[in-house]
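Enquirer: Below is entry.cif; it holds mmCIF, C-alpha atoms.
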data_work
loop_
_atom_site.label_atom_id
_atom_site.label_comp_id
_atom_site.auth_asym_id
_atom_site.auth_seq_id
_atom_site.Cartn_x
_atom_site.Cartn_y
_atom_site.Cartn_z
CA MET P 1 22.40 -68.99 15.78
CA TRP P 2 20.42 -66.18 17.37
CA THR P 3 20.97 -67.58 20.88
CA GLU P 4 24.73 -67.44 20.39
CA ARG P 5 24.54 -63.87 19.08
CA ILE P 6 22.47 -62.74 22.09
CA ARG P 7 24.85 -64.53 24.48
CA SER P 8 27.92 -62.98 22.86
CA ARG P 9 26.41 -59.50 23.01
CA ALA P 10 25.27 -59.93 26.63
CA VAL P 11 28.63 -61.26 27.86
CA GLY P 12 30.48 -58.62 25.81
CA ALA P 13 28.43 -55.79 27.33
CA LEU P 14 28.38 -57.20 30.86
CA PRO P 15 31.28 -59.56 31.59
CA PRO P 16 31.10 -61.13 35.11
CA GLU P 17 33.70 -58.73 36.56
CA LYS P 18 31.54 -55.78 35.45
CA LEU P 19 28.24 -57.36 36.47
CA LEU P 20 29.35 -58.16 40.02
CA PRO P 21 32.43 -56.02 40.68
CA ASP P 22 34.46 -56.31 43.89
CA ARG P 23 35.90 -52.79 43.76
CA GLN P 24 34.76 -49.31 42.75
CA PRO P 25 36.54 -46.05 41.85
CA ALA P 26 37.81 -44.00 44.81
CA TYR P 27 35.25 -41.23 44.22
CA VAL P 28 32.41 -43.65 45.07
CA SER P 29 33.58 -43.52 48.69
CA SER P 30 30.89 -41.03 49.78
CA TRP P 31 27.51 -41.31 51.51
CA ILE P 32 25.80 -39.67 48.52
CA TYR P 33 26.39 -42.90 46.56
CA VAL P 34 24.39 -45.11 48.97
CA PHE P 35 20.93 -43.76 48.16
CA GLY P 36 20.48 -45.79 44.97
CA VAL P 37 20.99 -49.08 46.79
CA ALA P 38 18.93 -47.76 49.73
CA THR P 39 16.08 -47.23 47.28
CA ILE P 40 16.42 -50.81 46.03
CA ALA P 41 16.52 -52.12 49.63
CA ALA P 42 13.28 -50.25 50.39
CA LEU P 43 11.75 -51.61 47.17
CA LEU P 44 12.49 -55.17 48.33
CA VAL P 45 10.67 -54.49 51.63
CA VAL P 46 7.76 -52.90 49.72
CA VAL P 47 7.42 -55.93 47.44
CA GLY P 48 7.85 -58.45 50.28
CA SER P 49 5.29 -56.79 52.57
CA GLY P 50 2.97 -56.28 49.58
CA VAL P 51 3.07 -60.01 48.76
CA ILE P 52 2.07 -60.83 52.36
CA LEU P 53 -0.74 -58.22 52.31
CA GLY P 54 -2.00 -59.61 48.99
CA LEU P 55 -1.99 -63.18 50.30
CA LYS P 56 -3.85 -62.33 53.53
CA GLY P 57 -6.38 -59.82 52.17
CA PRO P 58 -8.05 -56.59 53.31
CA ALA P 59 -9.96 -58.00 56.29
CA TRP P 60 -6.60 -59.09 57.75
CA TRP P 61 -4.75 -55.80 57.15
CA HIS P 62 -7.64 -53.74 58.60
CA GLU P 63 -8.59 -55.92 61.58
CA SER P 64 -5.71 -57.95 63.05
CA GLY P 65 -2.75 -56.49 64.90
CA VAL P 66 -0.22 -58.33 62.71
CA GLY P 67 -2.13 -57.23 59.61
CA LYS P 68 -1.99 -53.57 60.69
CA PHE P 69 1.73 -54.01 61.40
CA PHE P 70 2.41 -55.29 57.86
CA ASN P 71 0.16 -52.58 56.44
CA SER P 72 2.33 -50.00 58.23
CA ILE P 73 5.54 -51.73 57.11
CA HIS P 74 4.30 -51.47 53.52
CA LEU P 75 3.43 -47.77 53.91
CA TRP P 76 6.66 -46.75 55.64
CA ALA P 77 8.83 -48.76 53.24
CA VAL P 78 7.20 -46.76 50.44
CA GLU P 79 8.02 -43.54 52.34
CA VAL P 80 11.68 -44.62 52.65
CA PHE P 81 11.66 -45.70 48.96
CA PHE P 82 10.59 -42.25 47.75
CA PHE P 83 12.76 -40.40 50.31
CA ALA P 84 15.90 -42.29 49.20
CA MET P 85 14.96 -42.05 45.52
CA VAL P 86 14.58 -38.25 45.68
CA VAL P 87 17.95 -37.81 47.46
CA HIS P 88 19.47 -40.19 44.84
CA LEU P 89 17.87 -38.05 42.09
CA TRP P 90 19.27 -34.81 43.55
CA GLY P 91 22.74 -36.34 43.91
CA LYS P 92 22.78 -37.65 40.34
CA PHE P 93 21.40 -34.37 38.97
CA PHE P 94 24.25 -32.35 40.48
CA MET P 95 26.78 -34.99 39.34
CA GLY P 96 25.45 -34.72 35.76
CA ALA P 97 25.03 -38.51 35.78
CA TRP P 98 23.87 -38.57 32.14
CA ARG P 99 27.41 -37.74 30.93
CA GLY P 100 29.69 -40.20 29.12
CA GLY P 101 27.06 -42.18 27.21
CA ARG P 102 24.85 -42.59 30.29
CA ALA P 103 21.74 -40.91 28.88
CA TRP P 104 19.64 -44.09 29.12
CA ILE P 105 20.57 -44.52 32.78
CA TRP P 106 19.07 -41.08 33.41
CA VAL P 107 16.04 -41.81 31.21
CA THR P 108 15.25 -45.17 32.86
CA GLY P 109 15.64 -43.55 36.29
CA ALA P 110 13.23 -40.76 35.38
CA ILE P 111 10.69 -43.24 33.98
CA VAL P 112 10.87 -45.50 37.04
CA PHE P 113 10.28 -42.44 39.23
CA LEU P 114 7.09 -41.59 37.30
CA VAL P 115 5.86 -45.20 37.23
CA SER P 116 6.53 -45.48 40.97
CA ILE P 117 4.28 -42.47 41.60
CA GLY P 118 1.50 -44.22 39.67
CA THR P 119 2.10 -47.41 41.66
CA ALA P 120 1.85 -45.50 44.94
CA PHE P 121 -1.35 -43.71 43.88
CA THR P 122 -3.03 -47.01 42.92
CA GLY P 123 -1.96 -48.24 46.38
CA TYR P 124 -4.05 -45.48 47.99
CA LEU P 125 -6.98 -46.77 45.89
CA SER P 126 -6.41 -50.38 47.02
CA GLN P 127 -6.76 -49.79 50.76
CA GLN P 128 -10.43 -50.87 50.87
CA ASN P 129 -11.62 -48.13 53.25
CA PHE P 130 -13.35 -44.75 53.17
CA ASP P 131 -10.01 -43.06 52.52
CA SER P 132 -9.55 -44.93 49.23
CA GLN P 133 -13.16 -44.22 48.20
CA TRP P 134 -12.68 -40.50 48.82
CA ILE P 135 -9.38 -40.47 46.88
CA ALA P 136 -11.04 -42.35 43.97
CA SER P 137 -13.94 -39.90 43.82
CA GLU P 138 -11.51 -36.96 43.79
CA GLY P 139 -9.07 -38.57 41.35
CA LYS P 140 -11.65 -39.55 38.71
CA ASP P 141 -12.40 -35.89 37.93
CA GLY P 142 -8.74 -35.13 37.32
CA LEU P 143 -8.27 -38.16 35.05
CA ASN P 144 -11.54 -37.51 33.18
CA SER P 145 -10.44 -33.92 32.58
CA VAL P 146 -7.34 -35.13 30.71
CA GLY P 147 -9.34 -37.71 28.73
CA ILE P 148 -8.06 -41.00 30.15
CA GLY P 149 -10.85 -41.77 32.62
CA ALA P 150 -12.38 -44.39 30.31
CA PHE P 151 -9.13 -46.36 30.16
CA PHE P 152 -7.90 -45.76 33.71
CA ASN P 153 -10.99 -45.80 35.93
CA VAL P 154 -9.93 -45.03 39.50
CA ALA P 155 -13.45 -45.86 40.75
CA ASP P 156 -13.03 -49.45 39.50
CA PHE P 157 -11.38 -51.23 42.44
CA GLY P 158 -10.62 -54.43 40.48
CA GLN P 159 -8.81 -52.49 37.78
CA MET P 160 -6.82 -50.36 40.24
CA TYR P 161 -5.88 -53.37 42.40
CA THR P 162 -4.59 -55.23 39.31
CA TRP P 163 -2.53 -52.19 38.31
CA HIS P 164 -1.18 -51.93 41.86
CA VAL P 165 -0.24 -55.55 42.59
CA ILE P 166 0.80 -56.82 39.13
CA LEU P 167 1.19 -54.46 36.19
CA LEU P 168 2.94 -51.48 37.77
CA PRO P 169 5.20 -53.43 40.20
CA VAL P 170 6.40 -55.62 37.30
CA ALA P 171 7.16 -52.44 35.34
CA VAL P 172 8.99 -50.86 38.29
CA VAL P 173 11.11 -53.95 38.98
CA ALA P 174 11.91 -54.44 35.27
CA LEU P 175 12.94 -50.78 34.92
CA VAL P 176 15.07 -50.96 38.07
CA VAL P 177 16.84 -54.10 36.76
CA GLY P 178 17.48 -52.35 33.43
CA HIS P 179 18.67 -49.21 35.26
CA VAL P 180 21.14 -51.19 37.41
CA LEU P 181 22.44 -53.23 34.44
CA LEU P 182 23.09 -49.97 32.54
CA VAL P 183 24.99 -48.61 35.57
CA ARG P 184 27.06 -51.81 35.65
CA LYS P 185 27.75 -51.53 31.91
CA HIS P 186 28.82 -47.87 31.91
CA GLY P 187 30.16 -47.61 35.47
CA VAL P 188 29.44 -44.92 38.06
CA VAL P 189 29.76 -41.45 36.56
CA PRO P 190 33.01 -39.70 37.60
CA PRO P 191 32.71 -36.33 39.34
CA TYR P 192 33.25 -33.17 37.28
CA ALA P 193 36.50 -32.41 39.11
CA ALA P 194 37.97 -35.85 38.41
CA LYS P 195 37.17 -35.47 34.71
CA VAL P 196 38.91 -32.08 34.58
CA ALA P 197 41.93 -33.42 36.47
CA ARG P 198 42.21 -36.43 34.12
CA ALA P 199 41.99 -34.21 31.06
CA ALA P 200 44.69 -31.93 32.46
CA SER P 201 47.01 -34.84 33.30
CA ALA P 202 46.50 -36.30 29.80
CA LYS P 203 47.85 -33.08 28.27
CA GLU P 204 51.03 -33.13 30.36
CA PRO P 205 54.13 -34.36 28.50
CA ALA P 206 55.32 -37.83 29.49
CA MET L 1 -21.42 -42.77 63.96
CA ARG L 2 -19.33 -45.19 65.99
CA GLU L 3 -22.16 -47.76 65.93
CA MET L 4 -22.36 -47.44 62.17
CA ALA L 5 -18.58 -47.80 61.85
CA GLY L 6 -18.72 -50.91 64.02
CA ARG L 7 -21.32 -52.56 61.75
CA LEU L 8 -19.16 -51.86 58.69
CA GLY L 9 -16.52 -54.33 59.91
CA PRO L 10 -13.38 -54.20 57.72
CA LEU L 11 -14.33 -50.81 56.28
CA ARG L 12 -14.04 -48.98 59.56
CA GLY L 13 -10.23 -48.82 59.17
CA GLY L 14 -8.63 -46.00 61.14
CA LEU L 15 -11.43 -45.57 63.66
CA ALA L 16 -10.45 -48.79 65.41
CA ALA L 17 -6.76 -48.01 66.04
CA PRO L 18 -5.52 -45.05 68.07
CA ALA L 19 -2.87 -43.04 66.21
CA VAL L 20 0.26 -41.53 67.75
CA PHE L 21 -0.95 -38.14 66.54
CA ASN L 22 -4.56 -37.00 66.52
CA LEU L 23 -5.49 -37.37 62.84
CA ASN L 24 -9.16 -36.42 63.27
CA SER L 25 -8.60 -32.76 62.52
CA PRO L 26 -7.81 -30.75 59.36
CA ALA L 27 -4.14 -30.75 58.33
CA HIS L 28 -1.98 -27.76 59.26
CA TYR L 29 -0.65 -25.72 56.34
CA VAL L 30 2.20 -23.30 55.77
CA HIS L 31 0.86 -20.42 53.70
CA TRP L 32 3.11 -17.58 52.52
CA HIS L 33 2.08 -15.55 49.47
CA PHE L 34 1.73 -18.08 46.62
CA PHE L 35 3.37 -20.88 48.62
CA GLN L 36 1.03 -23.35 50.32
CA MET L 37 2.06 -26.75 51.63
CA SER L 38 1.10 -29.03 54.50
CA VAL L 39 3.39 -28.91 57.53
CA ALA L 40 4.04 -32.66 57.13
CA ASN L 41 5.35 -32.16 53.58
CA VAL L 42 7.44 -29.14 54.60
CA ILE L 43 9.08 -31.23 57.35
CA LEU L 44 9.67 -34.13 54.94
CA ILE L 45 11.29 -31.93 52.28
CA GLY L 46 13.40 -30.27 55.00
CA LEU L 47 14.56 -33.70 56.15
CA MET L 48 15.47 -34.71 52.59
CA ILE L 49 17.55 -31.53 52.13
CA ALA L 50 19.23 -32.13 55.51
CA VAL L 51 20.06 -35.76 54.64
CA PHE L 52 21.36 -34.66 51.21
CA ILE L 53 23.71 -32.10 52.78
CA LEU L 54 24.84 -34.53 55.52
CA ALA L 55 25.57 -37.18 52.87
CA LEU L 56 27.94 -34.72 51.18
CA VAL L 57 29.79 -33.55 54.30
CA ILE L 58 29.96 -36.61 56.58
CA PRO L 59 33.10 -38.64 55.75
CA PHE L 60 32.50 -42.15 54.47
CA PRO L 61 34.21 -44.91 56.54
CA LYS L 62 37.32 -46.09 54.73
CA ARG L 63 38.45 -49.70 54.53
CA GLU L 64 42.10 -50.47 55.02
CA ILE L 65 43.89 -50.49 51.70
CA GLU L 66 44.39 -54.06 50.54
CA LYS L 67 47.97 -55.10 49.93
#
If you convert what's in this file into structure tokens, what do you get?
Expert:
Amino acid sequence: MWTERIRSRAVGALPPEKLLPDRQPAYVSSWIYVFGVATIAALLVVVGSGVILGLKGPAWWHESGVGKFFNSIHLWAVEVFFFAMVVHLWGKFFMGAWRGGRAWIWVTGAIVFLVSIGTAFTGYLSQQNFDSQWIASEGKDGLNSVGIGAFFNVADFGQMYTWHVILLPVAVVALVVGHVLLVRKHGVVPPYAAKVARAASAKEPA
Amino acid sequence: MREMAGRLGPLRGGLAAPAVFNLNSPAHYVHWHFFQMSVANVILIGLMIAVFILALVIPFPKREIEK
């Protein structure tokens, strides 16, 4: 049956000890490896504060003290999200993290970075203030100039808000889940030096 | 202007809350030949580079080796 085939493939690719490991290679013992999970932690705060903002509405986040607080939490969690993601990107670039069959980990990471930028930009358009109106009026010219203004109308608040609170966050979370599962499947990329040392030791006579 | 902002209710946004920094002035920019960037972005990129370097050089706390 197709369910059995999918289950066999899933468990074969990601057995429980790989999916939720309790130990990592020695080279992971460095601060440069914490920025991926820091990005995910910030994403959780972004989504959580965004859910509260969405439930309470713009009058609340503009007028009440608690609303302004959650509005700021949402903004600063996004700042931490991008800060940690860029440091994670730099670290993985210099590690050559696409090596050893990990190309799709790199590709999904690059795509989630681009989609996140779109999510953040639609957030600017969802503020419901003069700032968002000014950004929309500036942004429409750029998008019209590349021919997508009819499909992605930044002056249409309803469309931008839907992109910001549903479509793009679902895409970001789905891509992050796929990214993490691929990391679990292939393991954390070994440093260049460790690869060289292993190759050298493999050539030594027993 | 303030009276008009008051009548606009939820749309008045930033005018109601005092900011830590005075945001009612044009942004400051670093301009050197072809390079032009706001001071805020220059500081942010500098911080990211600093954190990146610190993450490489600061030793990670080690757990005791399990027997």
Enquirer: Enter the distance from CA of Leu54 in chain L to CA of Trp31 in chain P, in Å, rounded to one decimal.
Expert: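 Separation between CA of Leu54 in chain L and CA of Trp31 in chain P: 8.3 Å.
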Enquirer: Would you translate the PyMOL selection byres ((chain P and resi 96-101) around 10) into the concrete set of residues it matches in this file, as a list in words?
Expert: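 Residues picked by the PyMOL selection byres ((chain P and resi 96-101) around 10): Leu89, Trp90, Gly91, Lys92, Phe93, Phe94, Met95, Arg102, Ala103, Trp104, Ile105, Trp106, Val107, His186, Gly187, Val188, Val189, Pro190, Pro191 and Tyr192 of chain P.
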Enquirer: Please compute the CA of Leu181 in chain P-CA of Pro15 in chain P distance, one decimal, in Å.
Expert: 11.2 Å
Enquirer: Given the file shown, enumerate the residues that the PyMOL selection byres ((chain P) within 8 of (chain L)) captures and present them as a PyMOL selection string.
Expert: chain P and resi 29-32+58-59+62-63+83+86-87+90-91+128-130
Enquirer: Here's the selection I'm unsure about, the PyMOL selection byres ((chain P and resi 157) around 10); applied to the file above, which residues does it give, as a list in words?
Expert: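 Listing what the PyMOL selection byres ((chain P and resi 157) around 10) selects in the shown file: Thr122, Leu125, Ser126, Gln127, Gln128, Ser132, Gln133, Ala136, Asn153, Val154, Ala155, Asp156, Gly158, Gln159, Met160, Tyr161, Thr162 and Trp163 of chain P.
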Enquirer: Would you work out the distance separating CA of Thr3 in chain P from CA of Val183 in chain P, expressed in Å to one decimal?
Expert: 24.3 Å
Enquirer: Just checking: using all atoms listed in the file, which residue out of P:Lys18, P:Arg23, P:Arg5, P:His164 ends up closest to Val180 in chain P?
Expert: P:Lys18
Enquirer: Do you know which residues are at most 12 Å from Ala77 in chain P counting only C-alpha atoms, after dropping those on the same chain fewer than 5 positions away, and could you put them as a PyMOL selection string?
Expert: chain P and resi 38-50+70-72+82-85+120
